[in-house]
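As provided, upload_16.pdb (PDB, C-alpha atoms) reads as follows.
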MODEL        1
ATOM      1  CA  MET A 551      52.268  56.399 -14.041
ATOM      2  CA  LYS A 552      52.174  55.376 -10.374
ATOM      3  CA  LEU A 553      52.316  59.042  -9.367
ATOM      4  CA  ILE A 554      49.347  59.886 -11.604
ATOM      5  CA  LEU A 555      47.328  56.941 -10.269
ATOM      6  CA  SER A 556      48.191  57.939  -6.696
ATOM      7  CA  ARG A 557      47.009  61.500  -7.322
ATOM      8  CA  ILE A 558      43.786  60.270  -8.923
ATOM      9  CA  LEU A 559      43.204  57.897  -6.008
ATOM     10  CA  ILE A 560      43.854  60.640  -3.445
ATOM     11  CA  ALA A 561      41.587  63.094  -5.295
ATOM     12  CA  GLY A 562      38.828  60.487  -5.576
ATOM     13  CA  LEU A 563      39.158  59.559  -1.923
ATOM     14  CA  GLY A 564      39.001  63.232  -0.972
ATOM     15  CA  MET A 565      35.803  63.709  -2.963
ATOM     16  CA  ILE A 566      34.205  60.656  -1.359
ATOM     17  CA  LEU A 567      35.186  61.709   2.158
ATOM     18  CA  SER A 568      33.987  65.268   1.660
ATOM     19  CA  SER A 569      30.600  63.990   0.505
ATOM     20  CA  LEU A 570      30.321  61.837   3.628
ATOM     21  CA  VAL A 571      30.821  64.742   6.014
ATOM     22  CA  ALA A 572      27.485  66.221   7.041
ATOM     23  CA  GLU A 573      26.867  69.845   6.201
ATOM     24  CA  GLU A 574      26.844  72.443   8.915
ATOM     25  CA  ARG A 575      23.348  73.388   9.967
ATOM     26  CA  MET A 576      21.802  76.707  10.879
ATOM     27  CA  VAL A 577      18.504  78.078  12.119
ATOM     28  CA  VAL A 578      16.658  80.263   9.611
ATOM     29  CA  ARG A 579      13.584  82.373  10.259
ATOM     30  CA  PHE A 580      10.572  83.159   8.110
ATOM     31  CA  VAL A 581       8.911  86.301   9.467
ATOM     32  CA  ASP A 582       5.098  86.187   9.452
ATOM     33  CA  PRO A 583       4.860  83.083   7.230
ATOM     34  CA  ASP A 584       1.689  82.632   5.206
ATOM     35  CA  LYS A 585      -0.325  79.395   5.022
ATOM     36  CA  THR A 586       1.507  78.242   1.889
ATOM     37  CA  VAL A 587       4.857  78.370   3.690
ATOM     38  CA  LEU A 588       3.453  76.673   6.781
ATOM     39  CA  THR A 589       1.856  73.903   4.742
ATOM     40  CA  GLU A 590       4.969  73.258   2.668
ATOM     41  CA  PHE A 591       7.378  72.995   5.567
ATOM     42  CA  ASN A 592       4.981  71.092   7.778
ATOM     43  CA  GLU A 593       4.529  68.423   5.093
ATOM     44  CA  THR A 594       8.200  68.059   4.134
ATOM     45  CA  ASP A 595      11.179  66.626   5.943
ATOM     46  CA  TYR A 596      12.408  69.951   7.334
ATOM     47  CA  ASP A 597      13.262  70.190  11.020
ATOM     48  CA  ILE A 598      10.952  72.823  12.546
ATOM     49  CA  ALA A 599      12.781  74.449  15.457
ATOM     50  CA  ALA A 600      10.097  76.934  16.521
ATOM     51  CA  PHE A 601       6.819  78.409  15.388
ATOM     52  CA  LYS A 602       4.774  81.307  16.718
ATOM     53  CA  PRO A 603       1.542  81.898  14.766
ATOM     54  CA  GLY A 604       1.444  85.286  13.090
ATOM     55  CA  GLU A 605       5.079  85.983  13.955
ATOM     56  CA  PHE A 606       7.681  83.470  12.761
ATOM     57  CA  LEU A 607       8.678  79.983  11.663
ATOM     58  CA  ASP A 608      12.205  78.733  12.423
ATOM     59  CA  LEU A 609      13.737  75.809  10.543
ATOM     60  CA  VAL A 610      16.992  73.942  11.061
ATOM     61  CA  VAL A 611      18.548  73.637   7.608
ATOM     62  CA  SER A 612      21.824  72.708   5.990
ATOM     63  CA  LYS A 613      23.802  75.275   4.035
ATOM     64  CA  SER A 614      22.604  73.796   0.736
ATOM     65  CA  GLN A 615      18.973  73.891   1.912
ATOM     66  CA  TYR A 616      19.458  77.535   2.936
ATOM     67  CA  GLU A 617      20.838  78.394  -0.497
ATOM     68  CA  GLU A 618      17.968  76.525  -2.164
ATOM     69  CA  LEU A 619      15.413  78.485  -0.113
ATOM     70  CA  LEU A 620      17.055  81.765  -1.138
ATOM     71  CA  THR A 621      17.066  80.666  -4.790
ATOM     72  CA  ARG A 622      13.350  79.933  -4.525
ATOM     73  CA  GLY A 623      12.786  83.522  -3.429
ATOM     74  CA  PHE A 624      12.020  83.002   0.251
ATOM     75  CA  HIS A 625      12.840  85.946   2.507
ATOM     76  CA  ILE A 626      14.647  84.303   5.405
ATOM     77  CA  THR A 627      17.319  85.302   7.863
ATOM     78  CA  VAL A 628      19.858  83.170   9.681
ATOM     79  CA  THR A 629      19.207  83.476  13.406
ATOM     80  CA  GLN A 630      21.940  81.077  14.548
ATOM     81  CA  THR A 631      24.748  79.178  12.903
ATOM     82  CA  GLU A 632      25.857  75.808  14.196
ATOM     83  CA  ASP A 633      28.976  77.420  15.669
ATOM     84  CA  GLN A 634      26.797  79.896  17.583
ATOM     85  CA  LEU A 635      24.619  77.045  18.840
ATOM     86  CA  ARG A 636      27.739  75.255  20.076
ATOM     87  CA  GLN A 637      28.954  78.384  21.858
ATOM     88  CA  ASN A 638      25.559  78.833  23.512
ATOM     89  CA  LEU A 639      25.602  75.267  24.773
ATOM     90  CA  GLY A 640      29.193  75.534  25.952
ATOM     91  CA  ASP A 641      30.562  72.589  27.868
ATOM     92  CA  VAL A 642      27.436  72.125  29.984
ATOM     93  CA  ARG A 643      25.210  69.354  28.678
ATOM     94  CA  ASP A 644      23.138  68.581  31.746
ATOM     95  CA  LEU A 645      21.000  70.868  33.845
ATOM     96  CA  TYR A 646      21.741  70.598  37.542
ATOM     97  CA  GLY A 647      19.056  68.894  39.612
ATOM     98  CA  TYR A 648      17.398  67.085  36.710
ATOM     99  CA  ARG A 649      17.917  63.627  35.261
ATOM    100  CA  ASN A 650      20.238  63.398  32.308
ATOM    101  CA  TYR A 651      19.717  60.886  29.507
ATOM    102  CA  ASP A 652      21.757  58.108  31.129
ATOM    103  CA  GLU A 653      20.009  58.543  34.478
ATOM    104  CA  LEU A 654      16.612  58.489  32.800
ATOM    105  CA  LEU A 655      17.387  55.300  30.906
ATOM    106  CA  GLU A 656      18.745  53.664  34.063
ATOM    107  CA  ASP A 657      15.586  54.641  35.984
ATOM    108  CA  LEU A 658      13.299  53.313  33.243
ATOM    109  CA  GLN A 659      15.212  50.035  33.031
ATOM    110  CA  GLU A 660      15.013  49.669  36.814
ATOM    111  CA  ILE A 661      11.248  50.279  36.762
ATOM    112  CA  GLU A 662      10.837  47.624  34.068
ATOM    113  CA  LEU A 663      12.852  45.168  36.203
ATOM    114  CA  GLN A 664      10.890  45.945  39.373
ATOM    115  CA  TYR A 665       7.472  45.797  37.699
ATOM    116  CA  PRO A 666       7.795  43.263  34.851
ATOM    117  CA  ASP A 667       4.114  42.276  35.027
ATOM    118  CA  ILE A 668       2.888  45.789  34.262
ATOM    119  CA  CYS A 669       5.828  47.667  32.656
ATOM    120  CA  LYS A 670       7.523  47.221  29.292
ATOM    121  CA  LEU A 671      10.221  49.573  27.943
ATOM    122  CA  TYR A 672      10.400  50.159  24.185
ATOM    123  CA  ASP A 673      12.949  51.867  21.942
ATOM    124  CA  ILE A 674      10.665  53.696  19.511
ATOM    125  CA  GLY A 675      13.177  55.566  17.367
ATOM    126  CA  ASN A 676      16.119  57.915  17.125
ATOM    127  CA  THR A 677      16.488  61.480  18.297
ATOM    128  CA  ARG A 678      17.561  64.162  15.823
ATOM    129  CA  GLY A 679      20.920  64.170  17.593
ATOM    130  CA  LYS A 680      21.403  60.508  16.730
ATOM    131  CA  GLU A 681      20.314  61.107  13.141
ATOM    132  CA  TYR A 682      22.772  63.996  12.760
ATOM    133  CA  SER A 683      25.524  61.893  14.339
ATOM    134  CA  MET A 684      24.785  59.005  11.974
ATOM    135  CA  GLU A 685      24.997  61.477   9.056
ATOM    136  CA  GLY A 686      28.578  62.190  10.107
ATOM    137  CA  ASN A 687      28.192  65.370  12.142
ATOM    138  CA  SER A 688      30.534  64.543  15.021
ATOM    139  CA  TYR A 689      29.311  67.438  17.164
ATOM    140  CA  TYR A 690      26.176  65.403  17.856
ATOM    141  CA  ASN A 691      28.019  62.255  18.963
ATOM    142  CA  ASP A 692      27.243  63.122  22.596
ATOM    143  CA  TYR A 693      23.539  63.350  21.694
ATOM    144  CA  ASN A 694      23.385  59.935  20.048
ATOM    145  CA  HIS A 695      20.197  58.858  21.847
ATOM    146  CA  GLU A 696      17.152  56.714  21.303
ATOM    147  CA  ILE A 697      13.573  57.708  22.103
ATOM    148  CA  TRP A 698      12.066  55.539  24.833
ATOM    149  CA  ALA A 699       8.483  54.641  25.705
ATOM    150  CA  MET A 700       7.210  52.835  28.794
ATOM    151  CA  LYS A 701       4.008  50.853  28.492
ATOM    152  CA  VAL A 702       2.054  50.290  31.708
ATOM    153  CA  SER A 703      -0.750  47.739  31.494
ATOM    154  CA  ASP A 704      -2.176  44.694  33.243
ATOM    155  CA  ASN A 705      -1.383  42.795  30.024
ATOM    156  CA  VAL A 706       1.835  44.525  29.082
ATOM    157  CA  GLU A 707       2.781  42.050  26.331
ATOM    158  CA  GLU A 708      -0.571  42.336  24.534
ATOM    159  CA  GLU A 709      -2.140  45.001  22.347
ATOM    160  CA  GLU A 710      -5.650  45.364  23.716
ATOM    161  CA  ASP A 711      -8.673  47.202  22.411
ATOM    162  CA  GLU A 712      -9.156  49.409  25.457
ATOM    163  CA  PRO A 713      -8.792  53.086  26.349
ATOM    164  CA  SER A 714      -5.251  54.360  26.763
ATOM    165  CA  VAL A 715      -3.421  57.491  27.841
ATOM    166  CA  PHE A 716      -0.235  58.893  26.305
ATOM    167  CA  TYR A 717       2.202  61.069  28.264
ATOM    168  CA  MET A 718       5.109  62.724  26.462
ATOM    169  CA  ALA A 719       8.148  64.564  27.787
ATOM    170  CA  GLU A 720      11.403  66.108  26.601
ATOM    171  CA  HIS A 721      10.041  66.890  23.157
ATOM    172  CA  HIS A 722      11.829  70.229  23.434
ATOM    173  CA  ALA A 723      15.494  70.212  24.308
ATOM    174  CA  ARG A 724      16.567  71.764  27.594
ATOM    175  CA  GLU A 725      13.062  71.642  29.103
ATOM    176  CA  PRO A 726      13.669  68.989  31.744
ATOM    177  CA  ILE A 727      10.658  69.715  33.944
ATOM    178  CA  SER A 728       8.371  67.824  31.545
ATOM    179  CA  LEU A 729      10.457  64.698  32.082
ATOM    180  CA  GLU A 730      10.343  65.078  35.854
ATOM    181  CA  VAL A 731       6.553  65.476  35.810
ATOM    182  CA  ASN A 732       6.189  62.354  33.654
ATOM    183  CA  MET A 733       8.480  60.364  35.924
ATOM    184  CA  TYR A 734       6.440  61.496  38.938
ATOM    185  CA  VAL A 735       3.215  60.379  37.229
ATOM    186  CA  LEU A 736       4.793  57.074  36.149
ATOM    187  CA  ASN A 737       6.014  56.337  39.673
ATOM    188  CA  HIS A 738       2.627  57.268  41.130
ATOM    189  CA  ILE A 739       0.847  54.919  38.718
ATOM    190  CA  ILE A 740       3.120  51.919  39.238
ATOM    191  CA  SER A 741       3.269  52.390  43.017
ATOM    192  CA  ASN A 742      -0.523  52.365  43.261
ATOM    193  CA  TYR A 743      -1.318  49.908  40.484
ATOM    194  CA  GLY A 744      -3.526  47.112  41.777
ATOM    195  CA  SER A 745      -4.371  48.871  45.038
ATOM    196  CA  ASP A 746      -6.000  52.098  43.854
ATOM    197  CA  PRO A 747      -9.071  51.408  41.682
ATOM    198  CA  THR A 748      -8.877  54.827  39.985
ATOM    199  CA  ILE A 749      -5.408  53.928  38.698
ATOM    200  CA  THR A 750      -5.942  50.251  37.990
TER     201      THR A 750
ENDMDL
END

Could I get this structure in the form of structure tokens?
Amino acid sequence: MKLILSRILIAGLGMILSSLVAEERMVVRFVDPDKTVLTEFNETDYDIAAFKPGEFLDLVVSKSQYEELLTRGFHITVTQTEDQLRQNLGDVRDLYGYRNYDELLEDLQEIELQYPDICKLYDIGNTRGKEYSMEGNSYYNDYNHEIWAMKVSDNVEEEEDEPSVFYMAEHHAREPISLEVNMYVLNHIISNYGSDPTIT
């Protein structure tokens, strides 16, 4: 009886653990998607990897999502598996000469400390890497990051009814120049805040 219970327990535990492991993901391509396809995948919770009007739509999907799309009759091709993505990334995570995530966060925290009257740093959400990591996909553990926003204002703790400007960077992976441009603009603004009337 103990042997039977042990086997049932082990089988049940195996089923639970296998359901907790996140599915491998892949990039699939719709060639020349029509408006129906674009509307559906823009309004759902699919991860859009790339889109070129009149040419293609790439989605990041799990294996079960891929099979569901095929069952629904979509003509899609797998352009990269998760293993291929890993091989393409290799061991290099950071691009030489540009800030990495930790350096960026350290710089933003330092700016907030140096300019507390006009700068406030906010954690505004999770990256996809963090979401995948939290789902159990251990490959993304190194990409377990938050999304940060820096508010610059003469009344940084208040929400005011006044014009504002939004700068965004790093919304595409491995495009670090956008971050460097934003950091240049941020440093220019805070360095001249209060002394340059066009900035203040």

### Task
Starting from the shown file, work through the PyMOL selection byres ((chain A and resi 605) around 8) and note down what comes out as a list in words.
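What the PyMOL selection byres ((chain A and resi 605) around 8) grabs from the file is Val581, Asp582, Pro583, Phe601, Lys602, Pro603, Gly604, Phe606 and Leu607 of chain A.
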
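Using all atoms listed in the file, the residues found no farther than 12 Å from A:Ile661, other than those of its own chain fewer than 2 positions away, are Leu654, Leu655, Glu656, Asp657, Leu658, Gln659, Leu663, Gln664, Tyr665, Pro666, Asp667, Ile668, Cys669, Lys670, Leu671, Met700, Lys701, Val702, Met733, Leu736, Asn737, His738, Ile739, Ile740 and Ser741 of chain A.
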
### Task
Identify the residues within 6 Å of coordinate (27.9, 73.2, 12.7) (same frame as the file), considering only C-alpha atoms, and give the answer as a ChimeraX atom specification.
/A:574-575,632-633

### Message
If we draw a sphere of 7 Å around (6.9, 63.7, 29.7), which residues have at least one atom in it when counting all atoms listed in the file? Please report them as a list in words.
### Response
Tyr717, Met718, Ala719, Glu720, Ser728, Leu729, Val731 and Asn732 of chain A

### Test item: the PyMOL selection byres ((chain A and resi 628) around 7) resolved as a list in words
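That expression, the PyMOL selection byres ((chain A and resi 628) around 7), corresponds here to Met576, Val577, Val578, Arg579, Ile626, Thr627, Thr629 and Gln630 of chain A.
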
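Considering all atoms listed in the file, the residue among A:Ile674, A:Ala699, A:Leu620, A:Ala599 positioned nearest to A:Phe716 is A:Ala699.
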
### Query
Excluding same-chain residues fewer than 6 positions from A:Glu696, what lies within 6 Å of it counting all atoms listed in the file, as a count of residues only?
3

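Our summary of the geometry notes that atom CA of A:Thr750 is positioned 21.4 Å from atom CA of A:Tyr672.
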
#### Entry: Point-to-point distance in Å for atom CA of A:Asn592 and atom CA of A:Arg622
17.3 Å
